[in-house]
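As provided, work-v6.cif (mmCIF, C-alpha atoms) reads as follows.
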data_query
loop_
_atom_site.label_atom_id
_atom_site.label_comp_id
_atom_site.auth_asym_id
_atom_site.auth_seq_id
_atom_site.Cartn_x
_atom_site.Cartn_y
_atom_site.Cartn_z
CA MET A 20 -24.06 -9.97 -28.76
CA LYS A 21 -26.90 -10.90 -26.44
CA LYS A 22 -25.28 -14.17 -25.54
CA TYR A 23 -22.37 -12.21 -23.98
CA LEU A 24 -24.72 -10.78 -21.40
CA ASN A 25 -25.40 -14.17 -19.86
CA PRO A 26 -23.16 -15.89 -17.30
CA GLU A 27 -21.70 -18.09 -20.03
CA ALA A 28 -19.85 -15.12 -21.50
CA GLU A 29 -17.02 -15.42 -19.02
CA LYS A 30 -16.50 -19.10 -19.86
CA GLU A 31 -16.49 -18.30 -23.57
CA PHE A 32 -13.89 -15.54 -23.20
CA ARG A 33 -11.69 -17.79 -21.11
CA LYS A 34 -11.15 -19.98 -24.16
CA ASP A 35 -9.22 -17.17 -25.94
CA VAL A 36 -5.85 -18.89 -25.69
CA ASN A 37 -4.19 -16.76 -28.37
CA LEU A 38 -5.06 -13.56 -26.57
CA ARG A 39 -3.81 -14.97 -23.27
CA GLU A 40 -0.53 -16.01 -24.89
CA ALA A 41 -0.10 -12.60 -26.55
CA LEU A 42 -0.46 -10.91 -23.14
CA ARG A 43 1.85 -13.40 -21.43
CA ARG A 44 4.60 -12.54 -23.94
CA ARG A 45 3.87 -8.84 -23.58
CA TYR A 46 4.47 -8.93 -19.82
CA ALA A 47 7.27 -11.51 -19.85
CA ASP A 48 9.90 -8.99 -18.75
CA GLU A 49 7.68 -6.72 -16.70
CA PRO A 50 9.58 -4.66 -14.10
CA GLN A 51 9.34 -5.77 -10.49
CA LEU A 52 8.54 -3.53 -7.57
CA PRO A 53 11.82 -2.02 -6.27
CA VAL A 54 13.18 -3.94 -3.27
CA ASP A 55 13.29 -0.85 -1.08
CA PHE A 56 9.69 0.12 -1.88
CA ALA A 57 8.35 -0.75 1.58
CA ARG A 58 11.02 1.45 3.20
CA LYS A 59 10.24 4.35 0.83
CA LEU A 60 6.53 3.99 1.58
CA GLN A 61 7.18 3.97 5.31
CA GLU A 62 9.41 7.06 5.06
CA ARG A 63 6.73 8.89 3.12
CA ILE A 64 4.07 7.94 5.66
CA CYS A 65 6.33 9.17 8.49
CA ALA A 66 7.02 12.43 6.64
CA GLU A 67 3.29 13.00 6.02
CA ASN A 68 2.48 12.20 9.67
CA GLU A 69 5.19 14.55 10.85
CA LYS A 70 3.90 17.31 8.57
CA ARG A 71 0.44 16.83 10.09
CA HIS A 72 1.86 16.87 13.64
CA VAL A 73 3.91 19.99 12.96
CA GLY A 74 0.74 21.69 11.69
CA MET A 75 -1.09 20.69 14.86
CA ARG A 76 1.84 21.82 17.03
CA VAL A 77 1.95 25.21 15.30
CA GLU A 78 -1.79 25.59 15.83
CA LYS A 79 -1.39 24.62 19.49
CA ARG A 80 1.54 27.02 19.86
CA TRP A 81 -0.54 29.92 18.55
CA ARG A 82 -3.30 29.01 20.97
CA ASN A 83 -0.71 29.03 23.78
CA VAL A 84 0.63 32.39 22.63
CA ALA A 85 -2.92 33.79 22.64
CA ALA A 86 -3.47 32.41 26.14
CA ILE A 87 -0.17 33.92 27.38
CA VAL A 88 -1.01 37.33 25.87
CA ALA A 89 -4.40 37.22 27.54
CA GLY A 90 -2.74 36.21 30.84
CA VAL A 91 -0.14 39.00 30.61
CA LEU A 92 -2.86 41.58 29.94
CA LEU A 93 -4.83 40.31 32.91
CA VAL A 94 -1.80 40.41 35.24
CA SER A 95 -0.75 43.84 33.92
CA GLY A 96 -4.22 45.11 34.62
CA ALA A 97 -4.11 43.70 38.14
CA VAL A 98 -0.62 45.18 38.80
CA PHE A 99 -1.73 48.51 37.45
CA ALA A 100 -4.73 48.42 39.74
CA VAL A 101 -2.54 47.59 42.78
CA VAL A 102 -0.01 50.35 41.97
CA ARG A 103 -2.73 52.84 41.19
CA TRP A 104 -4.91 52.14 44.19
CA GLY A 105 -2.73 50.14 46.55
CA GLY A 106 0.29 52.43 46.64
CA MET A 107 3.99 51.32 46.94
CA MET A 108 5.02 47.67 47.46
CA THR A 109 5.68 46.50 50.99
CA PRO A 110 9.23 45.39 52.00
CA GLU A 111 8.04 41.74 52.03
CA ALA A 112 6.83 42.02 48.46
CA GLU A 113 10.18 43.49 47.44
CA ALA A 114 11.97 40.47 48.98
CA VAL A 115 9.78 38.04 47.03
CA ALA A 116 10.46 39.96 43.81
CA GLY A 117 14.19 39.75 44.57
CA SER A 118 14.09 35.98 45.03
CA ASP A 119 12.24 35.64 41.68
CA SER A 120 14.95 37.50 39.83
CA MET A 121 17.58 35.22 41.44
CA ALA A 122 15.72 32.20 40.15
CA ALA A 123 15.65 33.77 36.72
CA LYS A 124 19.38 34.34 36.93
CA ARG A 125 20.02 30.70 37.77
CA THR A 126 17.99 29.70 34.74
CA LYS A 127 20.03 32.05 32.66
CA ASP A 128 23.24 30.45 33.95
CA THR A 129 22.26 27.07 32.51
CA LYS A 130 20.70 28.44 29.36
CA GLY A 131 21.62 26.51 26.20
CA ALA A 132 21.95 23.10 27.87
CA VAL A 133 18.79 21.10 28.32
CA VAL A 134 19.08 18.12 30.63
CA PHE A 135 16.87 15.09 30.00
CA ASP A 136 16.70 12.77 32.95
CA ASP A 137 15.08 9.38 32.33
CA VAL A 138 12.93 10.71 29.47
CA PRO A 139 11.50 8.55 26.61
CA LEU A 140 13.51 8.86 23.40
CA ASP A 141 10.35 9.75 21.49
CA SER A 142 9.85 12.85 23.66
CA ILE A 143 13.53 13.82 23.58
CA LEU A 144 13.65 13.70 19.80
CA THR A 145 10.36 15.57 19.38
CA VAL A 146 11.90 18.49 21.30
CA VAL A 147 15.42 18.40 19.87
CA VAL A 148 14.75 17.49 16.23
CA GLY A 149 11.74 19.83 16.13
CA HIS A 150 14.07 22.65 17.23
CA TYR A 151 16.07 22.20 13.99
CA GLY A 152 12.85 22.07 11.92
CA LYS A 153 13.32 18.43 10.98
CA ALA A 154 11.15 15.33 11.25
CA VAL A 155 11.67 12.11 13.22
CA CYS A 156 10.84 8.70 11.79
CA PHE A 157 11.04 5.55 13.91
CA ARG A 158 11.76 2.55 11.72
CA ASP A 159 11.14 0.33 14.76
CA GLU A 160 8.62 0.83 17.52
CA GLU A 161 10.82 -0.34 20.45
CA PRO A 162 13.22 2.63 20.70
CA LYS A 163 10.33 5.07 21.12
CA ALA A 164 9.81 4.08 24.77
CA LEU A 165 13.52 3.81 25.56
CA ARG A 166 14.23 6.10 28.53
CA LEU A 167 17.50 8.01 28.39
CA SER A 168 19.42 10.53 30.43
CA THR A 169 21.38 12.98 28.33
CA SER A 170 21.86 16.66 27.68
CA TRP A 171 21.59 18.85 24.62
CA LYS A 172 23.03 22.23 23.75
CA MET A 173 20.72 24.17 21.50
CA GLU A 174 23.51 26.10 19.83
CA GLU A 175 25.29 22.93 18.68
CA PRO A 176 24.45 21.35 15.31
CA LEU A 177 21.92 18.48 15.30
CA GLY A 178 24.60 16.08 14.07
CA MET A 179 26.45 16.35 17.40
CA PHE A 180 23.37 15.32 19.35
CA VAL A 181 22.72 12.48 16.89
CA ASN A 182 26.29 11.28 17.46
CA THR A 183 25.74 11.42 21.22
CA LEU A 184 22.64 9.23 20.96
CA ASN A 185 24.41 6.81 18.62
CA GLU A 186 26.72 5.98 21.49
CA PHE A 187 23.83 4.26 23.29
CA ASP A 188 23.83 0.48 22.74
CA GLY A 189 21.32 -0.95 20.29
CA LEU A 190 20.37 2.41 18.83
CA ARG A 191 21.14 3.88 15.42
CA LEU A 192 20.15 7.36 14.29
CA THR A 193 20.75 8.64 10.79
CA GLU A 194 20.11 12.05 9.29
CA GLU A 195 18.71 11.91 5.76
CA ARG A 196 17.68 15.25 4.27
CA ASP A 197 14.92 16.65 6.53
CA THR A 198 14.36 13.53 8.58
CA VAL A 199 16.15 11.76 11.41
CA PHE A 200 15.58 8.00 11.20
CA VAL A 201 15.75 5.90 14.33
CA GLU A 202 16.15 2.14 14.35
CA GLN A 203 16.99 -0.59 16.77
CA ILE A 204 20.10 -2.59 15.94
CA GLU A 205 21.35 -5.95 17.10
CA GLU A 206 24.67 -6.13 18.90
CA GLU A 207 26.25 -8.03 15.95
CA ASP A 208 25.22 -5.23 13.58
CA GLU A 209 27.24 -2.79 15.57
CA GLU A 210 30.36 -4.92 15.20
CA MET B 30 -4.30 -11.42 6.86
CA LYS B 31 -7.72 -13.10 6.63
CA GLU B 32 -9.24 -11.70 9.80
CA LYS B 33 -10.96 -8.38 9.44
CA LYS B 34 -9.60 -7.20 12.80
CA ASP B 35 -6.05 -8.18 11.83
CA ILE B 36 -6.29 -6.26 8.58
CA TYR B 37 -7.54 -3.14 10.31
CA GLU B 38 -4.83 -3.39 12.95
CA LEU B 39 -2.22 -3.86 10.25
CA ALA B 40 -3.52 -0.82 8.37
CA GLU B 41 -3.55 1.23 11.57
CA ALA B 42 0.07 0.28 12.29
CA ALA B 43 1.07 1.12 8.70
CA ARG B 44 -0.68 4.50 9.00
CA ARG B 45 1.49 5.23 12.05
CA GLY B 46 4.57 4.42 9.94
CA ASP B 47 5.36 1.01 11.43
CA ALA B 48 8.07 -0.59 9.27
CA HIS B 49 6.87 -4.17 9.69
CA ALA B 50 3.26 -3.32 8.81
CA CYS B 51 4.40 -1.45 5.69
CA GLU B 52 6.52 -4.43 4.67
CA VAL B 53 3.59 -6.86 5.09
CA ILE B 54 1.27 -4.70 3.02
CA VAL B 55 3.85 -4.21 0.27
CA ARG B 56 4.65 -7.94 0.27
CA GLU B 57 0.97 -8.94 0.07
CA CYS B 58 -0.32 -6.32 -2.34
CA GLY B 59 2.56 -4.16 -3.63
CA GLN B 60 3.52 -6.04 -6.79
CA GLN B 61 -0.06 -6.42 -7.99
CA VAL B 62 -0.80 -2.74 -7.44
CA PHE B 63 2.50 -1.66 -8.98
CA SER B 64 1.95 -3.84 -12.08
CA LEU B 65 -1.52 -2.41 -12.56
CA VAL B 66 -0.29 1.15 -12.22
CA ARG B 67 2.79 0.67 -14.40
CA ARG B 68 0.70 -0.80 -17.19
CA MET B 69 -1.55 2.24 -17.03
CA VAL B 70 1.01 5.04 -16.63
CA GLY B 71 3.86 3.38 -18.55
CA ASN B 72 6.76 5.05 -16.78
CA VAL B 73 8.34 3.12 -13.88
CA LEU B 74 9.17 6.20 -11.78
CA ASP B 75 5.66 7.63 -12.11
CA ALA B 76 4.27 4.17 -11.38
CA GLU B 77 6.22 4.01 -8.10
CA GLU B 78 4.83 7.36 -6.99
CA VAL B 79 1.27 6.56 -8.02
CA THR B 80 1.54 3.18 -6.26
CA GLN B 81 2.63 4.94 -3.07
CA ASP B 82 -0.27 7.40 -3.41
CA ALA B 83 -2.72 4.55 -3.91
CA LEU B 84 -1.44 2.54 -0.94
CA MET B 85 -1.52 5.58 1.32
CA ARG B 86 -5.02 6.50 0.17
CA GLY B 87 -6.15 2.90 0.65
CA LEU B 88 -4.78 2.92 4.20
CA GLN B 89 -6.57 6.18 4.96
CA GLN B 90 -9.87 4.81 3.64
CA MET B 91 -9.54 1.39 5.22
CA GLU B 92 -12.82 1.68 7.14
CA GLN B 93 -14.57 1.40 3.75
CA TYR B 94 -12.89 -1.93 2.98
CA ASP B 95 -15.09 -5.01 3.29
CA PRO B 96 -13.01 -8.25 3.30
CA SER B 97 -16.07 -10.29 2.36
CA ARG B 98 -16.25 -8.53 -1.01
CA ALA B 99 -12.64 -8.55 -2.16
CA SER B 100 -9.11 -9.42 -1.12
CA LEU B 101 -6.92 -6.67 0.32
CA ALA B 102 -4.87 -6.60 -2.90
CA THR B 103 -8.03 -6.14 -4.99
CA TRP B 104 -9.11 -3.34 -2.64
CA PHE B 105 -5.80 -1.53 -3.21
CA CYS B 106 -6.10 -2.20 -6.97
CA ARG B 107 -9.49 -0.49 -6.94
CA ILE B 108 -7.96 2.60 -5.33
CA ALA B 109 -4.90 2.37 -7.60
CA TYR B 110 -7.05 2.20 -10.72
CA ARG B 111 -8.75 5.50 -9.82
CA THR B 112 -5.47 7.09 -8.73
CA ALA B 113 -3.77 6.09 -11.99
CA LEU B 114 -6.68 7.40 -14.07
CA ASN B 115 -6.45 10.74 -12.24
CA HIS B 116 -2.70 10.79 -12.83
CA LEU B 117 -3.23 10.18 -16.53
CA ARG B 118 -5.84 12.91 -16.73
CA LYS B 119 -3.54 15.33 -14.98
CA ALA B 120 -0.75 14.41 -17.37
CA GLU B 121 -3.21 15.01 -20.19
CA VAL B 122 -2.62 11.59 -21.59
CA GLU B 123 -5.44 10.59 -23.84
CA THR B 124 -7.53 7.93 -22.14
CA LEU B 125 -10.56 7.59 -24.32
CA SER B 126 -13.24 5.21 -23.17
CA LEU B 127 -14.51 2.57 -25.50
CA ASP B 128 -17.76 4.49 -26.00
CA ASP B 129 -15.78 7.34 -27.55
CA GLU B 130 -14.26 5.04 -30.09
CA GLU B 131 -15.54 4.51 -33.55
CA SER B 132 -17.60 1.37 -33.89
CA PRO B 133 -15.77 -1.52 -35.49
CA THR B 134 -16.35 -1.53 -39.17
CA LEU B 135 -16.44 -5.30 -39.48
CA GLN B 136 -18.76 -7.45 -37.41
CA ALA B 137 -16.92 -10.76 -37.02
CA THR B 138 -18.92 -13.96 -36.96
CA ASP B 139 -18.62 -16.35 -34.02
CA GLU B 140 -16.66 -18.70 -36.25
CA GLN B 141 -14.16 -15.99 -37.20
CA MET B 142 -13.75 -15.02 -33.56
CA VAL B 143 -13.11 -18.61 -32.52
CA ARG B 144 -10.49 -18.96 -35.26
CA LEU B 145 -8.71 -15.77 -34.22
CA PHE B 146 -8.81 -16.17 -30.44
CA GLN B 147 -9.29 -19.79 -29.60
CA GLN B 148 -7.44 -21.94 -32.14
CA PRO B 149 -3.77 -21.95 -31.11
CA ASP B 150 -1.77 -20.24 -33.85
CA GLU B 151 1.63 -18.54 -33.64
CA THR B 152 0.83 -15.96 -36.33
CA ARG B 153 -2.41 -15.00 -34.61
CA VAL B 154 -0.58 -14.56 -31.31
CA GLU B 155 1.93 -12.19 -32.93
CA GLN B 156 -0.83 -10.23 -34.64
CA LEU B 157 -2.70 -9.94 -31.38
CA GLN B 158 0.44 -8.67 -29.61
CA LYS B 159 0.61 -5.76 -32.08
CA ALA B 160 -3.13 -5.12 -32.00
CA ILE B 161 -3.19 -4.92 -28.19
CA GLU B 162 -0.74 -1.99 -28.41
CA GLN B 163 -3.39 -0.05 -30.32
CA LEU B 164 -6.07 -0.40 -27.66
CA THR B 165 -6.67 2.45 -25.22
CA GLU B 166 -5.11 2.20 -21.71
CA GLU B 167 -8.43 1.22 -20.18
CA GLU B 168 -9.04 -1.46 -22.80
CA GLN B 169 -5.54 -2.82 -22.31
CA MET B 170 -6.14 -2.94 -18.57
CA LEU B 171 -9.37 -4.82 -18.99
CA VAL B 172 -7.89 -7.57 -21.19
CA THR B 173 -4.81 -7.73 -18.95
CA TRP B 174 -6.89 -8.28 -15.81
CA PHE B 175 -9.09 -10.83 -17.47
CA TYR B 176 -6.61 -12.83 -19.55
CA TYR B 177 -3.26 -12.24 -17.88
CA GLU B 178 -4.11 -11.70 -14.20
CA GLU B 179 -7.05 -14.08 -14.63
CA LEU B 180 -9.34 -11.98 -12.45
CA SER B 181 -13.03 -12.82 -12.71
CA LEU B 182 -15.47 -10.33 -14.23
CA LYS B 183 -16.84 -9.86 -10.72
CA GLU B 184 -13.41 -8.86 -9.38
CA ILE B 185 -12.80 -6.50 -12.29
CA ALA B 186 -16.23 -4.99 -11.78
CA TYR B 187 -15.26 -4.35 -8.13
CA ILE B 188 -12.13 -2.50 -9.23
CA THR B 189 -13.72 -0.42 -11.98
CA GLN B 190 -17.02 -0.05 -10.13
CA GLU B 191 -19.10 -1.18 -13.10
CA SER B 192 -21.65 -3.95 -13.52
CA VAL B 193 -20.54 -7.42 -14.59
CA ASN B 194 -22.82 -7.25 -17.63
CA ALA B 195 -21.35 -3.93 -18.73
CA LEU B 196 -17.88 -5.45 -18.48
CA ALA B 197 -18.89 -8.51 -20.47
CA VAL B 198 -20.13 -6.23 -23.25
CA ARG B 199 -16.94 -4.19 -23.11
CA LEU B 200 -14.83 -7.33 -23.41
CA TYR B 201 -16.93 -8.50 -26.32
CA ARG B 202 -16.39 -5.14 -28.07
CA ILE B 203 -12.67 -5.18 -27.38
CA ARG B 204 -12.42 -8.61 -29.00
CA GLN B 205 -14.31 -7.24 -32.01
CA LYS B 206 -11.94 -4.27 -32.10
CA LEU B 207 -8.91 -6.55 -32.02
CA TYR B 208 -10.37 -8.55 -34.88
CA ASN B 209 -10.83 -5.36 -36.90
CA LEU B 210 -7.33 -4.09 -36.12
CA ILE B 211 -5.87 -7.35 -37.40
CA LYS B 212 -8.06 -7.46 -40.49
CA ARG B 213 -7.03 -3.91 -41.43
#

Before we go any further, please render this structure as structure tokens.
Amino acid sequence: MKKYLNPEAEKEFRKDVNLREALRRRYADEPQLPVDFARKLQERICAENEKRHVGMRVEKRWRNVAAIVAGVLLVSGAVFAVVRWGGMMTPEAEAVAGSDSMAAKRTKDTKGAVVFDDVPLDSILTVVVGHYGKAVCFRDEEPKALRLSTSWKMEEPLGMFVNTLNEFDGLRLTEERDTVFVEQIEEEDEE
Amino acid sequence: MKEKKDIYELAEAARRGDAHACEVIVRECGQQVFSLVRRMVGNVLDAEEVTQDALMRGLQQMEQYDPSRASLATWFCRIAYRTALNHLRKAEVETLSLDDEESPTLQATDEQMVRLFQQPDETRVEQLQKAIEQLTEEEQMLVTWFYYEELSLKEIAYITQESVNALAVRLYRIRQKLYNLIKR
């Protein structure tokens, strides 16, 4: 066996024509990689990335919530101090408070419709698709930076918004299970 | 694909989910990795999943890849080999190493080995086909890489992370085992 430890071993084994032929026959009808394998791989990568981003967003959201709670406590403390030691509000302060509540009312009037004005598609979809708890996967890079002006009603199903975006030239969005896929299409494809 | 920088950029794009980058990687390395995995796990559906796992893991660990040591496909094969072994262990499929096997009962002479392996003979080929089926998954992989894929011992050693000498001894023992399986 010692001779098979020297560099000649490889040359000696290479002469095993019967073994090579036996293996060639064994793998003669070996299955090929499915044609859509690259697409499946890409979808899985997108889904994994999205999962990671959602995790980071949730973490960030909790940090924001903590910051807001801390802010509210601070402001409450300050207001309490003013009321306790500063007495009643002045008429000017009451006017400012009144104008704030008007602003809030205006916001309430347009509640449910978010207007995107010249916003990148990537950002639009992060907001909208995230609202429905789904993931976005861009099959092409180009549409990400596409800037669009559109509006979205939160109470409507995601499919309606997808249909709205599909009306833009050169853009195709498809909903597949928990993911919205975005791709760029040629004009001929549309016809 | 030759330039180190290009490969890293390609891997980075694929990690972001870029369709073109994924296509290039699958075109360059996919079939080789898939064949390796399918031969180890047997089932096509499992092989697809394990291949995906291996490619994704390889992309994540790309900073460890050294193009001067192996091609990109061989790098992914190295990851795939480990991933497939883990899959088999999880599935509790018996993957005994050669060391766990009983020693061959017959020690073939060089002349007998040459007759069996190196003198073209239809009957011998058919006998070998059946005998290969009785090897363990790891043994089958080793002969497949060496004789069918025609990888060098150095390349196989890169994938299995063993020494070239250890592999040469393993191949020698597998040949002895095949001889014994046929003689029985």

Taking only C-alpha atoms into account and nothing else, which residues of chain A lie no more than 7 Å away from chain B? Please answer as an mmCIF file with C-alpha atoms, in the coordinates of the input.
data_model
loop_
_atom_site.group_PDB
_atom_site.id
_atom_site.type_symbol
_atom_site.label_atom_id
_atom_site.label_comp_id
_atom_site.auth_asym_id
_atom_site.auth_seq_id
_atom_site.Cartn_x
_atom_site.Cartn_y
_atom_site.Cartn_z
ATOM 1 C CA TYR A 23 -22.370 -12.210 -23.980
ATOM 2 C CA LEU A 24 -24.720 -10.780 -21.400
ATOM 3 C CA ALA A 28 -19.850 -15.120 -21.500
ATOM 4 C CA LYS A 34 -11.150 -19.980 -24.160
ATOM 5 C CA ASP A 35 -9.220 -17.170 -25.940
ATOM 6 C CA VAL A 36 -5.850 -18.890 -25.690
ATOM 7 C CA ASN A 37 -4.190 -16.760 -28.370
ATOM 8 C CA LEU A 38 -5.060 -13.560 -26.570
ATOM 9 C CA ARG A 39 -3.810 -14.970 -23.270
ATOM 10 C CA GLU A 40 -0.530 -16.010 -24.890
ATOM 11 C CA ALA A 41 -0.100 -12.600 -26.550
ATOM 12 C CA LEU A 42 -0.460 -10.910 -23.140
ATOM 13 C CA ARG A 43 1.850 -13.400 -21.430
ATOM 14 C CA ARG A 45 3.870 -8.840 -23.580
ATOM 15 C CA GLN A 51 9.340 -5.770 -10.490
ATOM 16 C CA LEU A 52 8.540 -3.530 -7.570
ATOM 17 C CA ALA A 57 8.350 -0.750 1.580
ATOM 18 C CA LEU A 60 6.530 3.990 1.580
ATOM 19 C CA GLN A 61 7.180 3.970 5.310
ATOM 20 C CA ILE A 64 4.070 7.940 5.660
ATOM 21 C CA CYS A 65 6.330 9.170 8.490
ATOM 22 C CA ARG A 158 11.760 2.550 11.720
ATOM 23 C CA ASP A 159 11.140 0.330 14.760
ATOM 24 C CA GLU A 160 8.620 0.830 17.520
#

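Once the PyMOL selection byres ((chain A and resi 197) around 10) is applied to this file, the selection holds Ala66, Val148, Tyr151, Gly152, Lys153, Ala154, Val155, Glu194, Glu195, Arg196, Thr198, Val199 and Phe200 of chain A.
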
In Å, how far is it from CA of Lys34 in chain B to CA of Asp95 in chain B?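 Separation of CA of Lys34 in chain B and CA of Asp95 in chain B: 11.2 Å.
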
The distance between CA of Ser97 in chain B and CA of Met69 in chain B is 27.3 Å

CA of Pro53 in chain A to CA of Gln89 in chain B, distance in Å rounded to a single decimal
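Between CA of Pro53 in chain A and CA of Gln89 in chain B the gap is 23.1 Å.
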
Restricting to all atoms listed in the file, whichever of B:Glu191, B:Leu114, B:Ile203, B:Glu184 is closest to Arg98 in chain B is B:Glu184

With distances taken over only C-alpha atoms, which residue among B:Val79, B:Leu171, B:Met91, B:Leu39 lies nearest Ile185 in chain B?
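Counting only C-alpha atoms, the residue closest to Ile185 in chain B is B:Leu171.
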
- Message: Residues within 8 Å of range 139-145 of chain A, please, as a list in words. Count only C-alpha atoms; anything in the same chain fewer than 5 positions from it doesn't count.
- Response: Val155, Pro162, Lys163, Ala164, Leu165, Arg166 and Leu167 of chain A

Write the residues of the selection above to a file with C-alpha atoms, as an mmCIF file, in the frame of the given file.
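And here's part-v5.cif as it stands now:
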data_model
loop_
_atom_site.group_PDB
_atom_site.id
_atom_site.type_symbol
_atom_site.label_atom_id
_atom_site.label_comp_id
_atom_site.auth_asym_id
_atom_site.auth_seq_id
_atom_site.Cartn_x
_atom_site.Cartn_y
_atom_site.Cartn_z
ATOM 1 C CA VAL A 155 11.670 12.110 13.220
ATOM 2 C CA PRO A 162 13.220 2.630 20.700
ATOM 3 C CA LYS A 163 10.330 5.070 21.120
ATOM 4 C CA ALA A 164 9.810 4.080 24.770
ATOM 5 C CA LEU A 165 13.520 3.810 25.560
ATOM 6 C CA ARG A 166 14.230 6.100 28.530
ATOM 7 C CA LEU A 167 17.500 8.010 28.390
#

- Task: Please evaluate the PyMOL selection byres ((chain A and resi 175-189) around 7) against the structure above and give the resulting residues as a PyMOL selection string.
- Result: chain A and resi 171-174+190-192+203-206
